[in-house]
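For reference, work_25.cif (mmCIF, C-alpha atoms):
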```cif
data_work
loop_
_atom_site.label_atom_id
_atom_site.label_comp_id
_atom_site.auth_asym_id
_atom_site.auth_seq_id
_atom_site.Cartn_x
_atom_site.Cartn_y
_atom_site.Cartn_z
CA ASP A 519 -9.68 80.15 -9.10
CA ALA A 520 -8.04 78.27 -11.95
CA GLY A 521 -9.33 74.81 -12.59
CA VAL A 522 -7.28 71.97 -13.99
CA THR A 523 -5.00 73.13 -16.77
CA GLN A 524 -3.33 70.90 -19.33
CA SER A 525 -0.67 71.57 -21.93
CA PRO A 526 -0.32 71.40 -24.80
CA THR A 527 -3.87 71.34 -26.15
CA HIS A 528 -2.90 69.53 -29.33
CA LEU A 529 0.13 67.49 -30.33
CA ILE A 530 1.16 65.54 -33.40
CA LYS A 531 3.87 62.90 -33.10
CA THR A 532 5.31 60.14 -35.25
CA ARG A 533 5.28 56.44 -34.40
CA GLY A 534 8.19 55.49 -32.16
CA GLN A 535 8.61 58.96 -30.70
CA GLN A 536 8.16 59.92 -27.07
CA VAL A 537 5.74 62.51 -25.68
CA THR A 538 5.26 64.38 -22.39
CA LEU A 539 1.95 65.88 -21.37
CA ARG A 540 1.56 68.27 -18.47
CA CYS A 541 -1.14 68.98 -15.91
CA SER A 542 -1.64 71.53 -13.15
CA PRO A 543 -4.33 70.52 -10.67
CA LYS A 544 -7.09 72.70 -9.32
CA SER A 545 -5.86 74.86 -6.48
CA GLY A 546 -5.81 72.91 -3.22
CA HIS A 547 -6.08 69.47 -4.79
CA ASP A 548 -3.37 66.94 -3.93
CA THR A 549 -4.19 64.02 -6.22
CA VAL A 550 -3.87 63.76 -9.99
CA SER A 551 -5.33 61.05 -12.20
CA TRP A 552 -4.80 60.51 -15.92
CA TYR A 553 -7.32 59.06 -18.34
CA GLN A 554 -7.16 58.14 -22.02
CA GLN A 555 -10.26 58.81 -24.11
CA ALA A 556 -10.22 57.21 -27.54
CA LEU A 557 -12.56 58.62 -30.17
CA GLY A 558 -16.14 57.65 -29.44
CA GLN A 559 -15.24 55.90 -26.17
CA GLY A 560 -15.43 56.70 -22.50
CA PRO A 561 -12.28 57.67 -20.60
CA GLN A 562 -10.08 54.81 -19.39
CA PHE A 563 -8.00 55.14 -16.23
CA ILE A 564 -4.24 55.16 -16.72
CA PHE A 565 -2.87 55.94 -13.24
CA GLN A 566 -3.18 58.14 -10.17
CA TYR A 567 -0.51 60.09 -8.30
CA TYR A 568 -0.55 61.22 -4.69
CA GLU A 569 2.36 62.42 -2.59
CA GLU A 570 4.59 62.09 -5.65
CA GLU A 571 3.96 58.35 -5.90
CA GLU A 572 1.90 56.24 -8.27
CA ARG A 573 -0.95 54.94 -6.10
CA GLN A 574 -3.14 53.09 -8.57
CA ARG A 575 -2.65 51.95 -12.14
CA GLY A 576 -5.02 50.81 -14.85
CA ASN A 577 -4.39 48.27 -17.56
CA PHE A 578 -1.78 50.21 -19.53
CA PRO A 579 1.69 49.05 -20.56
CA ASP A 580 4.91 50.30 -19.01
CA ARG A 581 5.36 52.65 -21.98
CA PHE A 582 3.03 54.90 -20.04
CA SER A 583 4.73 56.51 -17.06
CA GLY A 584 4.18 59.55 -14.95
CA HIS A 585 5.46 61.86 -12.33
CA GLN A 586 4.07 64.18 -9.69
CA PHE A 587 6.03 67.18 -8.47
CA PRO A 588 6.06 68.72 -4.96
CA ASN A 589 3.63 71.43 -6.15
CA TYR A 590 1.19 68.60 -7.10
CA SER A 591 1.51 69.17 -10.85
CA SER A 592 2.00 66.09 -12.95
CA GLU A 593 3.40 64.76 -16.20
CA LEU A 594 2.36 61.83 -18.34
CA ASN A 595 5.05 60.29 -20.52
CA VAL A 596 4.45 57.86 -23.33
CA ASN A 597 7.40 56.12 -24.99
CA ALA A 598 7.59 54.31 -28.32
CA LEU A 599 4.32 55.79 -29.55
CA LEU A 600 1.91 53.60 -31.47
CA LEU A 601 -0.87 54.67 -33.80
CA GLY A 602 -3.31 53.34 -31.21
CA ASP A 603 -2.08 55.88 -28.67
CA SER A 604 -3.92 58.59 -30.60
CA ALA A 605 -6.53 59.87 -28.17
CA LEU A 606 -7.61 62.69 -25.89
CA TYR A 607 -5.63 62.52 -22.66
CA LEU A 608 -7.48 63.89 -19.68
CA CYS A 609 -6.02 64.95 -16.39
CA ALA A 610 -8.25 65.09 -13.33
CA SER A 611 -7.52 66.35 -9.85
CA SER A 612 -9.16 65.81 -6.48
CA PHE A 613 -8.49 65.38 -2.82
CA ILE A 614 -7.36 61.88 -1.90
CA THR A 615 -10.35 61.36 0.36
CA GLY A 616 -12.84 59.73 -2.00
CA VAL A 617 -16.45 60.06 -3.06
CA ASP A 618 -17.06 63.44 -1.47
CA SER A 619 -14.18 64.85 -3.48
CA PRO A 620 -15.26 64.45 -7.08
CA LEU A 621 -12.80 64.60 -9.93
CA HIS A 622 -12.27 67.92 -11.70
CA PHE A 623 -11.16 67.37 -15.29
CA GLY A 624 -9.04 69.51 -17.55
CA ASN A 625 -9.92 70.09 -21.19
CA GLY A 626 -7.43 67.48 -22.29
CA THR A 627 -4.53 67.13 -24.69
CA ARG A 628 -5.39 65.78 -28.13
CA LEU A 629 -2.53 63.51 -29.23
CA THR A 630 -2.33 62.37 -32.83
CA VAL A 631 0.24 59.73 -33.77
CA THR A 632 1.03 59.40 -37.48
CA GLY B 1428 -14.58 43.43 -13.61
CA ASP B 1429 -16.86 46.36 -13.06
CA SER B 1430 -18.54 47.81 -16.13
CA VAL B 1431 -21.10 50.37 -17.26
CA THR B 1432 -23.41 50.07 -20.24
CA GLN B 1433 -25.13 53.11 -21.72
CA MET B 1434 -27.71 53.39 -24.43
CA GLU B 1435 -26.20 54.01 -27.83
CA GLY B 1436 -26.45 57.46 -29.31
CA PRO B 1437 -26.74 59.81 -30.84
CA VAL B 1438 -29.98 61.03 -29.34
CA THR B 1439 -31.66 63.94 -31.10
CA LEU B 1440 -34.50 65.79 -29.38
CA SER B 1441 -36.47 68.95 -29.92
CA GLU B 1442 -36.25 71.69 -27.34
CA GLU B 1443 -38.54 71.09 -24.32
CA ALA B 1444 -38.72 67.34 -24.97
CA PHE B 1445 -38.29 64.77 -22.19
CA LEU B 1446 -34.91 63.10 -21.96
CA THR B 1447 -33.98 59.64 -20.74
CA ILE B 1448 -30.51 58.15 -21.13
CA ASN B 1449 -30.32 54.60 -19.87
CA CYS B 1450 -27.40 53.34 -17.81
CA THR B 1451 -26.92 49.92 -16.23
CA TYR B 1452 -23.93 48.64 -14.34
CA THR B 1453 -22.18 45.49 -13.22
CA ALA B 1454 -20.18 45.72 -10.03
CA THR B 1455 -19.25 43.82 -6.90
CA GLY B 1456 -20.82 45.30 -3.82
CA TYR B 1457 -22.60 48.62 -3.91
CA PRO B 1458 -20.78 51.18 -6.02
CA SER B 1459 -21.12 54.94 -6.10
CA LEU B 1460 -22.69 56.12 -9.36
CA PHE B 1461 -22.08 59.27 -11.34
CA TRP B 1462 -23.15 61.15 -14.44
CA TYR B 1463 -20.56 63.32 -16.14
CA VAL B 1464 -21.17 65.71 -19.05
CA GLN B 1465 -18.69 66.75 -21.73
CA TYR B 1466 -19.49 69.88 -23.72
CA PRO B 1467 -17.78 70.35 -27.10
CA GLY B 1468 -14.08 71.10 -26.70
CA GLU B 1469 -14.15 70.76 -22.94
CA GLY B 1470 -13.25 68.22 -20.28
CA LEU B 1471 -15.76 66.25 -18.26
CA GLN B 1472 -17.84 67.90 -15.55
CA LEU B 1473 -19.62 66.09 -12.75
CA LEU B 1474 -23.36 66.46 -13.30
CA LEU B 1475 -24.72 64.43 -10.38
CA LYS B 1476 -23.98 61.46 -8.18
CA ALA B 1477 -25.58 58.94 -5.83
CA THR B 1478 -23.75 56.85 -3.29
CA LYS B 1479 -26.33 54.37 -2.03
CA ALA B 1480 -29.45 52.55 -3.14
CA ASP B 1481 -32.57 54.68 -3.69
CA ASP B 1482 -30.54 57.91 -3.52
CA LYS B 1483 -31.57 60.48 -6.13
CA GLY B 1484 -28.90 62.75 -7.54
CA SER B 1485 -30.04 66.00 -9.12
CA ASN B 1486 -28.50 69.08 -10.70
CA LYS B 1487 -29.50 71.66 -13.35
CA GLY B 1488 -32.87 69.94 -13.87
CA PHE B 1489 -31.29 66.52 -14.42
CA GLU B 1490 -32.11 63.61 -12.12
CA ALA B 1491 -31.02 60.00 -11.70
CA THR B 1492 -32.08 57.42 -9.09
CA TYR B 1493 -29.81 54.61 -7.90
CA ARG B 1494 -31.82 51.42 -8.43
CA LYS B 1495 -30.09 48.44 -6.83
CA GLU B 1496 -32.80 45.95 -7.93
CA THR B 1497 -32.31 46.75 -11.60
CA THR B 1498 -28.64 47.87 -11.30
CA SER B 1499 -29.56 51.04 -13.12
CA PHE B 1500 -28.94 54.79 -12.90
CA HIS B 1501 -30.94 56.33 -15.74
CA LEU B 1502 -30.53 60.05 -16.43
CA GLU B 1503 -33.70 62.12 -16.94
CA LYS B 1504 -34.65 65.71 -17.62
CA GLY B 1505 -38.15 66.98 -18.06
CA SER B 1506 -37.48 69.69 -20.64
CA VAL B 1507 -34.20 69.85 -22.52
CA GLN B 1508 -32.64 73.00 -23.92
CA VAL B 1509 -30.27 73.54 -26.85
CA SER B 1510 -27.54 74.25 -24.29
CA ASP B 1511 -27.87 70.64 -23.01
CA SER B 1512 -26.32 69.35 -26.23
CA ALA B 1513 -23.26 67.39 -25.08
CA VAL B 1514 -21.94 63.89 -24.47
CA TYR B 1515 -23.15 62.27 -21.25
CA PHE B 1516 -21.14 59.58 -19.45
CA CYS B 1517 -22.36 57.24 -16.75
CA ALA B 1518 -19.63 56.07 -14.38
CA LEU B 1519 -19.05 54.12 -11.18
CA SER B 1520 -16.47 53.71 -8.46
CA ASP B 1521 -16.47 51.71 -5.27
CA GLN B 1522 -18.68 52.99 -2.48
CA SER B 1523 -15.90 54.91 -0.82
CA GLY B 1524 -14.97 56.58 -4.08
CA ASN B 1525 -11.38 55.44 -3.73
CA THR B 1526 -11.22 53.28 -6.84
CA PRO B 1527 -10.80 54.84 -10.28
CA LEU B 1528 -13.91 55.76 -12.20
CA VAL B 1529 -15.16 53.22 -14.72
CA PHE B 1530 -16.99 54.99 -17.54
CA GLY B 1531 -19.56 53.95 -20.08
CA LYS B 1532 -18.97 54.79 -23.72
CA GLY B 1533 -21.00 57.96 -23.58
CA THR B 1534 -24.23 59.10 -25.22
CA ARG B 1535 -24.23 62.11 -27.50
CA LEU B 1536 -27.30 64.34 -27.13
CA SER B 1537 -28.26 66.92 -29.71
CA VAL B 1538 -31.12 69.28 -28.94
CA ILE B 1539 -32.58 71.24 -31.82
CA ALA B 1540 -34.62 74.44 -31.54
#
```
Now that the file is in, can you turn its structure into structure tokens?
Amino acid sequence: DAGVTQSPTHLIKTRGQQVTLRCSPKSGHDTVSWYQQALGQGPQFIFQYYEEEERQRGNFPDRFSGHQFPNYSSELNVNALLLGDSALYLCASSFITGVDSPLHFGNGTRLTVT
Amino acid sequence: GDSVTQMEGPVTLSEEAFLTINCTYTATGYPSLFWYVQYPGEGLQLLLKATKADDKGSNKGFEATYRKETTSFHLEKGSVQVSDSAVYFCALSDQSGNTPLVFGKGTRLSVIA
């Protein structure tokens, strides 16, 4: 049973460019959440998708947007990249139902903005 | 807002030593509490959780007790192994688990043989 898979694993972009990161949830999971983990910090919540809609959003600017497809996979898009967007981006999947459905994390996409 | 504070790392221990990683939290109401572990080059894995006061979560020899009086959820292990070397994150959500996880900054543990 495949867990959460993310692509690409590493990415280097230039300031001002746009980037798309992809995530396939664990089989059977219907909810995808995205987190940003800066170097030496804990993950910070970006947003959560369920039934192809953004359900919750953290304190991130509109440059960060996402999408969920009918097969539950998801994309994270970041426009107008800044140096400060350099981080590990983690995707996590779960069932929508809460504490008895813990998050399963992928290995992340390491984004470097130069 | 809700927050989690963990002891600063890195923590370096010899194999078979006792481990404690301190975690305290600030939250409205009674949150659910979690410990996640991140091995090198991997994503986070749930290590253990507790959803109400005085609950003890345990897994792989690790334990943590939800202490409402001291708003703490310290992680302990009686005898660490080299394979326990990783970064450990304390986190919380609301009691139902329906709010996003709020993480501490993480504590890096290195265990030497």
Check: Could you write out as a PyMOL selection string the residues that the PyMOL selection byres ((chain A and resi 528) around 12) matches in the shown file?
Finding: (chain A and resi 524-527+529-531+537-540+604-607+625-631) or (chain B and resi 1468)
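With distances restricted to only C-alpha atoms, A:Gly558 is the closest residue to Gly1436 (chain B) from A:Cys541, A:Phe582, A:Gly558, A:Leu601.
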Next item on the list: Considering only C-alpha atoms, return as a PyMOL selection string whatever protein or nucleic-acid residues lie within 7 Å of Tyr1515 (chain B), sequence-local ones (same chain, fewer than 4 positions apart) excluded.
Entry: chain B and resi 1462-1465+1533-1535
Give me, as CSV, each residue of chain A that comes within 8 Å of chain B, together with its shortest interatomic pair and the distance in Å at one decimal, counting only C-alpha atoms, with rows ordered by chain and rising residue number.
```
residue,atom,partner,partner_atom,distance
A:Gly558,CA,B:Lys1532,CA,7.0
A:Gln559,CA,B:Lys1532,CA,4.6
A:Gly560,CA,B:Lys1532,CA,4.2
A:Pro561,CA,B:Phe1530,CA,6.2
A:Gln562,CA,B:Val1529,CA,7.1
A:Phe563,CA,B:Pro1527,CA,6.6
A:Leu608,CA,B:Gly1470,CA,7.2
A:Ile614,CA,B:Asn1525,CA,7.8
A:Thr615,CA,B:Asn1525,CA,7.3
A:Gly616,CA,B:Gly1524,CA,4.3
A:Val617,CA,B:Gly1524,CA,3.9
A:Asp618,CA,B:Gly1524,CA,7.6
A:Pro620,CA,B:Leu1473,CA,7.3
A:Leu621,CA,B:Leu1473,CA,7.5
A:His622,CA,B:Gln1472,CA,6.8
A:Phe623,CA,B:Gly1470,CA,5.5
A:Gly624,CA,B:Gly1470,CA,5.2
A:Asn625,CA,B:Gly1470,CA,3.9
A:Gly626,CA,B:Gly1470,CA,6.2
```
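Taking CA of Trp552 (chain A) and CA of Ser612 (chain A) as endpoints, the distance between them is 11.7 Å.
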Next item on the list: Name the residues in contact with region 1483-1489 of chain B at a cut-off of 8 Å, using only C-alpha atoms, excluding same-chain residues fewer than 4 positions from it; report them as a PyMOL selection string.
Entry: chain B and resi 1474-1477+1493+1502-1505
Next item on the list: Taking the file as shown, find all residues satisfying the PyMOL selection byres ((chain A and resi 584) around 6) and write them as a ChimeraX atom specification.
Entry: /A:583,585,593-595
Next item on the list: Decode the PyMOL selection byres ((chain A and resi 544) around 10) for the given file into explicit residues and return them as a ChimeraX atom specification.
Entry: /A:519-523,541-543,545-550,590-591,610-613,621-624
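The closest residue to Pro1458 (chain B), picked from B:Lys1479, B:Ala1540, B:Thr1432, B:Gln1508 and counting all atoms listed in the file, is B:Lys1479.
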Next item on the list: Quote the spacing between CA of Ala1444 (chain B) and CA of Glu1490 (chain B) in Å to one decimal place.
Entry: 14.9 Å
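From CA of Thr1451 (chain B) back to CA of His1501 (chain B), the distance works out to 7.6 Å.
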Item checked: Spatial neighbours of Arg533 (chain A), 10 Å, all atoms listed in the file, chain gap at least 3 places, as a list of chain:residue names -> A:Gln536, A:Asn597, A:Ala598, A:Leu599, A:Leu600, A:Leu601, A:Gly602, A:Asp603, A:Thr630, A:Val631, A:Thr632
Item checked: Exercise: Glu1496 (chain B) partners within 12 Å, only C-alpha atoms, chain neighbours under 4 positions left out, as a PyMOL selection string -> chain B and resi 1451-1453+1457+1480-1481+1492+1500
Build an axis-aligned box that encloses every atom of region 1475-1489 of chain B listed in the file, pad it by 5 Å on each side, and report its centre and edge lengths in Å to one decimal, as AutoDock Vina command-line options.
```
--center_x -28.3 --center_y 62.1 --center_z -8.2 --size_x 19.1 --size_y 29.1 --size_z 22.4
```
